[in-house]
file start00.csv (CSV, C-alpha atoms)
chain,number,residue,atom,x,y,z
N,1,MET,CA,0.0,0.0,0.0
N,2,THR,CA,2.9,2.3,0.7
N,3,GLU,CA,4.1,2.0,-2.9
N,4,GLU,CA,0.6,2.8,-4.2
N,5,LEU,CA,0.5,5.8,-2.0
N,6,ASN,CA,3.8,7.1,-3.2
N,7,GLU,CA,2.8,6.6,-6.8
N,8,LEU,CA,-0.4,8.5,-6.2
N,9,VAL,CA,1.4,11.4,-4.6
N,10,ASP,CA,4.0,11.5,-7.4
N,11,GLU,CA,1.2,11.5,-10.0
N,12,GLN,CA,-0.5,14.3,-8.2
N,13,LEU,CA,2.6,16.4,-8.2
N,14,ASP,CA,3.4,15.8,-11.9
N,15,ASP,CA,-0.1,16.7,-13.1
N,16,GLY,CA,-0.5,20.5,-13.4
N,17,GLU,CA,-4.0,20.6,-14.9
N,18,GLU,CA,-6.1,19.7,-11.8
N,19,MET,CA,-6.8,22.2,-9.0
N,20,VAL,CA,-4.6,21.7,-6.0
N,21,SER,CA,-7.6,20.9,-3.7
N,22,ASP,CA,-8.7,18.1,-6.1
N,23,ARG,CA,-5.3,16.5,-5.9
N,24,ILE,CA,-5.5,16.4,-2.1
N,25,ALA,CA,-9.1,15.2,-2.3
N,26,ASP,CA,-7.9,12.3,-4.5
N,27,LEU,CA,-5.4,11.3,-1.8
N,28,VAL,CA,-8.1,11.5,1.0
N,29,GLU,CA,-10.5,9.5,-1.1
N,30,TYR,CA,-7.9,6.8,-1.8
N,31,LEU,CA,-7.2,6.5,2.0
N,32,VAL,CA,-10.9,6.5,3.1
N,33,VAL,CA,-12.0,4.0,0.4
N,34,ASN,CA,-9.4,1.5,1.6
N,35,ILE,CA,-10.5,1.8,5.2
N,36,VAL,CA,-14.3,1.5,4.9
N,37,ASP,CA,-16.5,-1.6,4.2
N,38,ASP,CA,-18.9,0.2,1.9
N,39,ALA,CA,-16.6,2.0,-0.6
N,40,ASP,CA,-19.6,2.9,-2.9
N,41,ALA,CA,-21.0,5.1,-0.1
N,42,VAL,CA,-17.9,7.3,0.0
N,43,SER,CA,-18.2,10.8,-1.5
N,44,LEU,CA,-16.2,13.9,-1.1
N,45,GLU,CA,-17.1,17.6,-1.4
N,46,VAL,CA,-14.4,20.1,-1.9
N,47,ILE,CA,-15.1,23.6,-0.7
N,48,ASP,CA,-12.4,26.0,-1.9
N,49,GLY,CA,-11.8,29.2,0.1
N,50,THR,CA,-9.4,32.0,-0.6
N,51,SER,CA,-6.5,30.7,1.4
N,52,SER,CA,-7.5,27.2,2.2
N,53,SER,CA,-9.8,24.3,1.2
N,54,THR,CA,-12.2,22.1,3.2
N,55,ILE,CA,-12.8,18.5,2.2
N,56,GLU,CA,-16.0,17.0,3.5
N,57,VAL,CA,-15.9,13.2,3.5
N,58,SER,CA,-19.3,11.4,3.6
N,59,VAL,CA,-19.4,7.7,4.4
N,60,ALA,CA,-22.0,5.2,5.4
N,61,THR,CA,-23.2,5.5,9.0
N,62,ASP,CA,-21.6,2.1,9.9
N,63,ASP,CA,-18.2,3.3,8.6
N,64,VAL,CA,-17.9,6.6,10.4
N,65,ALA,CA,-16.3,5.0,13.4
N,66,LYS,CA,-13.7,3.3,11.2
N,67,VAL,CA,-12.7,6.5,9.5
N,68,ILE,CA,-12.5,8.3,12.9
N,69,GLY,CA,-10.7,5.4,14.6
N,70,ARG,CA,-10.0,4.8,18.2
N,71,HIS,CA,-9.5,8.1,20.0
N,72,GLY,CA,-9.6,9.8,16.6
N,73,ARG,CA,-6.2,8.4,15.5
N,74,THR,CA,-7.2,7.4,12.0
N,75,ILE,CA,-8.8,10.7,11.0
N,76,LYS,CA,-5.8,12.5,12.6
N,77,ALA,CA,-3.4,10.4,10.4
N,78,ILE,CA,-5.6,11.2,7.3
N,79,ARG,CA,-5.5,14.9,8.2
N,80,THR,CA,-1.8,14.8,8.7
N,81,LEU,CA,-1.2,13.3,5.3
N,82,ALA,CA,-3.6,15.7,3.6
N,83,ARG,CA,-1.9,18.7,5.3
N,84,ALA,CA,1.6,17.4,4.3
N,85,LEU,CA,0.6,17.1,0.7
N,86,ALA,CA,-1.1,20.5,0.9
N,87,ALA,CA,2.0,22.1,2.3
N,88,ARG,CA,4.1,20.5,-0.5
N,89,LEU,CA,1.7,22.1,-3.0
N,90,GLY,CA,1.7,25.5,-1.2
N,91,THR,CA,-1.8,25.6,0.3
N,92,SER,CA,-3.7,24.4,3.4
N,93,VAL,CA,-6.6,22.0,3.9
N,94,GLU,CA,-9.0,20.8,6.5
N,95,VAL,CA,-10.7,17.4,6.4
N,96,GLU,CA,-14.1,16.8,8.0
N,97,VAL,CA,-16.0,13.5,8.3
N,98,LEU,CA,-19.8,13.5,7.8
N,99,GLY,CA,-21.9,10.4,8.6
call {"tool": "encode", "arguments": {"input": "start00.csv", "output": "structure tokens"}}
result
Amino acid sequence: MTEELNELVDEQLDDGEEMVSDRIADLVEYLVVNIVDDADAVSLEVIDGTSSSTIEVSVATDDVAKVIGRHGRTIKAIRTLARALAARLGTSVEVEVLG
């Protein structure tokens, strides 16, 4: 999975046509889809602001706990990865989970 993640990040950095927030959303979607049981229920909404973006992740009700994780560790890791990619791309991002 680490190789796949590295390839995804490299592809995101090489592709200059997409908006920066869409690149980060692709990373978040990849991570969330691989965590949940009902991958078809995953949807993302990107809200672009002037200086930052917000990515709202919607998942099935049964999968919310999996995305958040014990004591919020999983969502914290997803947010850390998203922020790291955003910093590399020169922007900032927030990730929110909706049930």
call {"tool": "residues_near_point", "arguments": {"input": "start00.csv", "point": "(-23.8, 16.1, 9.5)", "cutoff": "10 Å", "atoms": "only C-alpha atoms", "output": "list in words"}}
result
Glu56, Ser58, Glu96, Val97, Leu98 and Gly99 of chain N
call {"tool": "residues_around", "arguments": {"input": "start00.csv", "residues": "Thr91 of chain N", "least_positions_apart": "3", "cutoff": "7 Å", "atoms": "all atoms listed in the file", "output": "count of residues only"}}
result
3
call {"tool": "residues_around", "arguments": {"input": "start00.csv", "residues": "Val95 of chain N", "least_positions_apart": "5", "cutoff": "7 Å", "atoms": "all atoms listed in the file", "output": "list in words"}}
result
Thr54, Ile55, Glu56 and Arg79 of chain N
call {"tool": "write_last_selection", "arguments": {"input": "start00.csv", "atoms": "C-alpha atoms", "output": "PDB file, in the coordinates of the input"}}
result
ATOM      1  CA  THR N  54     -12.200  22.100   3.200  1.00  0.00           C
ATOM      2  CA  ILE N  55     -12.800  18.500   2.200  1.00  0.00           C
ATOM      3  CA  GLU N  56     -16.000  17.000   3.500  1.00  0.00           C
ATOM      4  CA  ARG N  79      -5.500  14.900   8.200  1.00  0.00           C
TER       5      ARG N  79
END
call {"tool": "residues_around", "arguments": {"input": "start00.csv", "residues": "Thr61 of chain N", "least_positions_apart": "2", "cutoff": "12 Å", "atoms": "only C-alpha atoms", "output": "list in words"}}
result
Val36, Asp37, Asp38, Ala41, Val42, Val57, Ser58, Val59, Asp63, Val64, Ala65, Lys66, Val67, Ile68, Val97, Leu98 and Gly99 of chain N
call {"tool": "closest_residue", "arguments": {"input": "start00.csv", "among": "N:Ala82, N:Val93, N:Ile35, N:Ile75", "to": "Ser51 of chain N", "atoms": "only C-alpha atoms"}}
result
N:Val93
call {"tool": "atom_distance", "arguments": {"input": "start00.csv", "atom1": "atom CA of Asp48 of chain N", "atom2": "atom CA of Arg83 of chain N"}}
result
14.7 Å
call {"tool": "atom_distance", "arguments": {"input": "start00.csv", "atom1": "atom CA of Thr50 of chain N", "atom2": "atom CA of Val20 of chain N"}}
result
12.6 Å
call {"tool": "atom_distance", "arguments": {"input": "start00.csv", "atom1": "atom CA of Val46 of chain N", "atom2": "atom CA of Met19 of chain N"}}
result
10.6 Å
call {"tool": "closest_residue", "arguments": {"input": "start00.csv", "among": "N:Leu27, N:Asp22, N:Asn34, N:Glu3", "to": "Ala84 of chain N", "atoms": "all atoms listed in the file"}}
result
N:Leu27
call {"tool": "decode", "arguments": {"input": "start00.csv", "residues": "segment 35-57 of chain N", "atoms": "N, CA and C atoms", "output": "PDB file, in the first residue's frame"}}
result
ATOM      1  N   ILE N  35     -10.237   2.086   3.807  1.00  0.00           N
ATOM      2  CA  ILE N  35     -10.535   1.848   5.218  1.00  0.00           C
ATOM      3  C   ILE N  35     -11.941   1.300   5.415  1.00  0.00           C
ATOM      4  N   VAL N  36     -12.914   1.813   4.668  1.00  0.00           N
ATOM      5  CA  VAL N  36     -14.324   1.507   4.919  1.00  0.00           C
ATOM      6  C   VAL N  36     -14.747   0.174   4.301  1.00  0.00           C
ATOM      7  N   ASP N  37     -15.893  -0.346   4.775  1.00  0.00           N
ATOM      8  CA  ASP N  37     -16.475  -1.559   4.206  1.00  0.00           C
ATOM      9  C   ASP N  37     -17.283  -1.248   2.960  1.00  0.00           C
ATOM     10  N   ASP N  38     -18.036  -0.143   2.980  1.00  0.00           N
ATOM     11  CA  ASP N  38     -18.909   0.236   1.863  1.00  0.00           C
ATOM     12  C   ASP N  38     -18.251   1.363   1.068  1.00  0.00           C
ATOM     13  N   ALA N  39     -17.364   0.978   0.157  1.00  0.00           N
ATOM     14  CA  ALA N  39     -16.615   1.969  -0.622  1.00  0.00           C
ATOM     15  C   ALA N  39     -17.518   2.768  -1.562  1.00  0.00           C
ATOM     16  N   ASP N  40     -18.642   2.190  -1.962  1.00  0.00           N
ATOM     17  CA  ASP N  40     -19.559   2.887  -2.865  1.00  0.00           C
ATOM     18  C   ASP N  40     -20.255   4.064  -2.187  1.00  0.00           C
ATOM     19  N   ALA N  41     -20.311   4.060  -0.870  1.00  0.00           N
ATOM     20  CA  ALA N  41     -20.991   5.123  -0.134  1.00  0.00           C
ATOM     21  C   ALA N  41     -20.079   6.319   0.137  1.00  0.00           C
ATOM     22  N   VAL N  42     -18.817   6.218  -0.224  1.00  0.00           N
ATOM     23  CA  VAL N  42     -17.865   7.305   0.034  1.00  0.00           C
ATOM     24  C   VAL N  42     -18.046   8.399  -1.009  1.00  0.00           C
ATOM     25  N   SER N  43     -18.200   9.627  -0.542  1.00  0.00           N
ATOM     26  CA  SER N  43     -18.243  10.773  -1.450  1.00  0.00           C
ATOM     27  C   SER N  43     -17.538  11.936  -0.783  1.00  0.00           C
ATOM     28  N   LEU N  44     -16.925  12.768  -1.614  1.00  0.00           N
ATOM     29  CA  LEU N  44     -16.185  13.915  -1.108  1.00  0.00           C
ATOM     30  C   LEU N  44     -16.719  15.181  -1.729  1.00  0.00           C
ATOM     31  N   GLU N  45     -16.779  16.223  -0.923  1.00  0.00           N
ATOM     32  CA  GLU N  45     -17.136  17.551  -1.422  1.00  0.00           C
ATOM     33  C   GLU N  45     -15.987  18.487  -1.072  1.00  0.00           C
ATOM     34  N   VAL N  46     -15.471  19.166  -2.069  1.00  0.00           N
ATOM     35  CA  VAL N  46     -14.362  20.085  -1.870  1.00  0.00           C
ATOM     36  C   VAL N  46     -14.909  21.502  -1.876  1.00  0.00           C
ATOM     37  N   ILE N  47     -14.639  22.234  -0.811  1.00  0.00           N
ATOM     38  CA  ILE N  47     -15.074  23.617  -0.686  1.00  0.00           C
ATOM     39  C   ILE N  47     -13.810  24.470  -0.690  1.00  0.00           C
ATOM     40  N   ASP N  48     -13.603  25.183  -1.791  1.00  0.00           N
ATOM     41  CA  ASP N  48     -12.408  26.014  -1.936  1.00  0.00           C
ATOM     42  C   ASP N  48     -12.644  27.392  -1.354  1.00  0.00           C
ATOM     43  N   GLY N  49     -11.737  27.814  -0.498  1.00  0.00           N
ATOM     44  CA  GLY N  49     -11.765  29.154   0.054  1.00  0.00           C
ATOM     45  C   GLY N  49     -10.652  29.987  -0.569  1.00  0.00           C
ATOM     46  N   THR N  50     -10.475  31.185  -0.070  1.00  0.00           N
ATOM     47  CA  THR N  50      -9.442  32.048  -0.643  1.00  0.00           C
ATOM     48  C   THR N  50      -8.036  31.586  -0.280  1.00  0.00           C
ATOM     49  N   SER N  51      -7.839  31.142   0.948  1.00  0.00           N
ATOM     50  CA  SER N  51      -6.496  30.736   1.361  1.00  0.00           C
ATOM     51  C   SER N  51      -6.383  29.258   1.701  1.00  0.00           C
ATOM     52  N   SER N  52      -7.517  28.570   1.828  1.00  0.00           N
ATOM     53  CA  SER N  52      -7.478  27.151   2.152  1.00  0.00           C
ATOM     54  C   SER N  52      -8.709  26.461   1.589  1.00  0.00           C
ATOM     55  N   SER N  53      -8.722  25.141   1.699  1.00  0.00           N
ATOM     56  CA  SER N  53      -9.847  24.341   1.218  1.00  0.00           C
ATOM     57  C   SER N  53     -10.328  23.433   2.339  1.00  0.00           C
ATOM     58  N   THR N  54     -11.582  23.047   2.245  1.00  0.00           N
ATOM     59  CA  THR N  54     -12.154  22.081   3.169  1.00  0.00           C
ATOM     60  C   THR N  54     -12.644  20.891   2.361  1.00  0.00           C
ATOM     61  N   ILE N  55     -12.301  19.704   2.800  1.00  0.00           N
ATOM     62  CA  ILE N  55     -12.756  18.478   2.152  1.00  0.00           C
ATOM     63  C   ILE N  55     -13.705  17.795   3.119  1.00  0.00           C
ATOM     64  N   GLU N  56     -14.964  17.666   2.716  1.00  0.00           N
ATOM     65  CA  GLU N  56     -15.969  16.998   3.532  1.00  0.00           C
ATOM     66  C   GLU N  56     -16.134  15.582   3.000  1.00  0.00           C
ATOM     67  N   VAL N  57     -15.870  14.604   3.854  1.00  0.00           N
ATOM     68  CA  VAL N  57     -15.942  13.196   3.483  1.00  0.00           C
ATOM     69  C   VAL N  57     -17.225  12.623   4.042  1.00  0.00           C
TER      70      VAL N  57
END
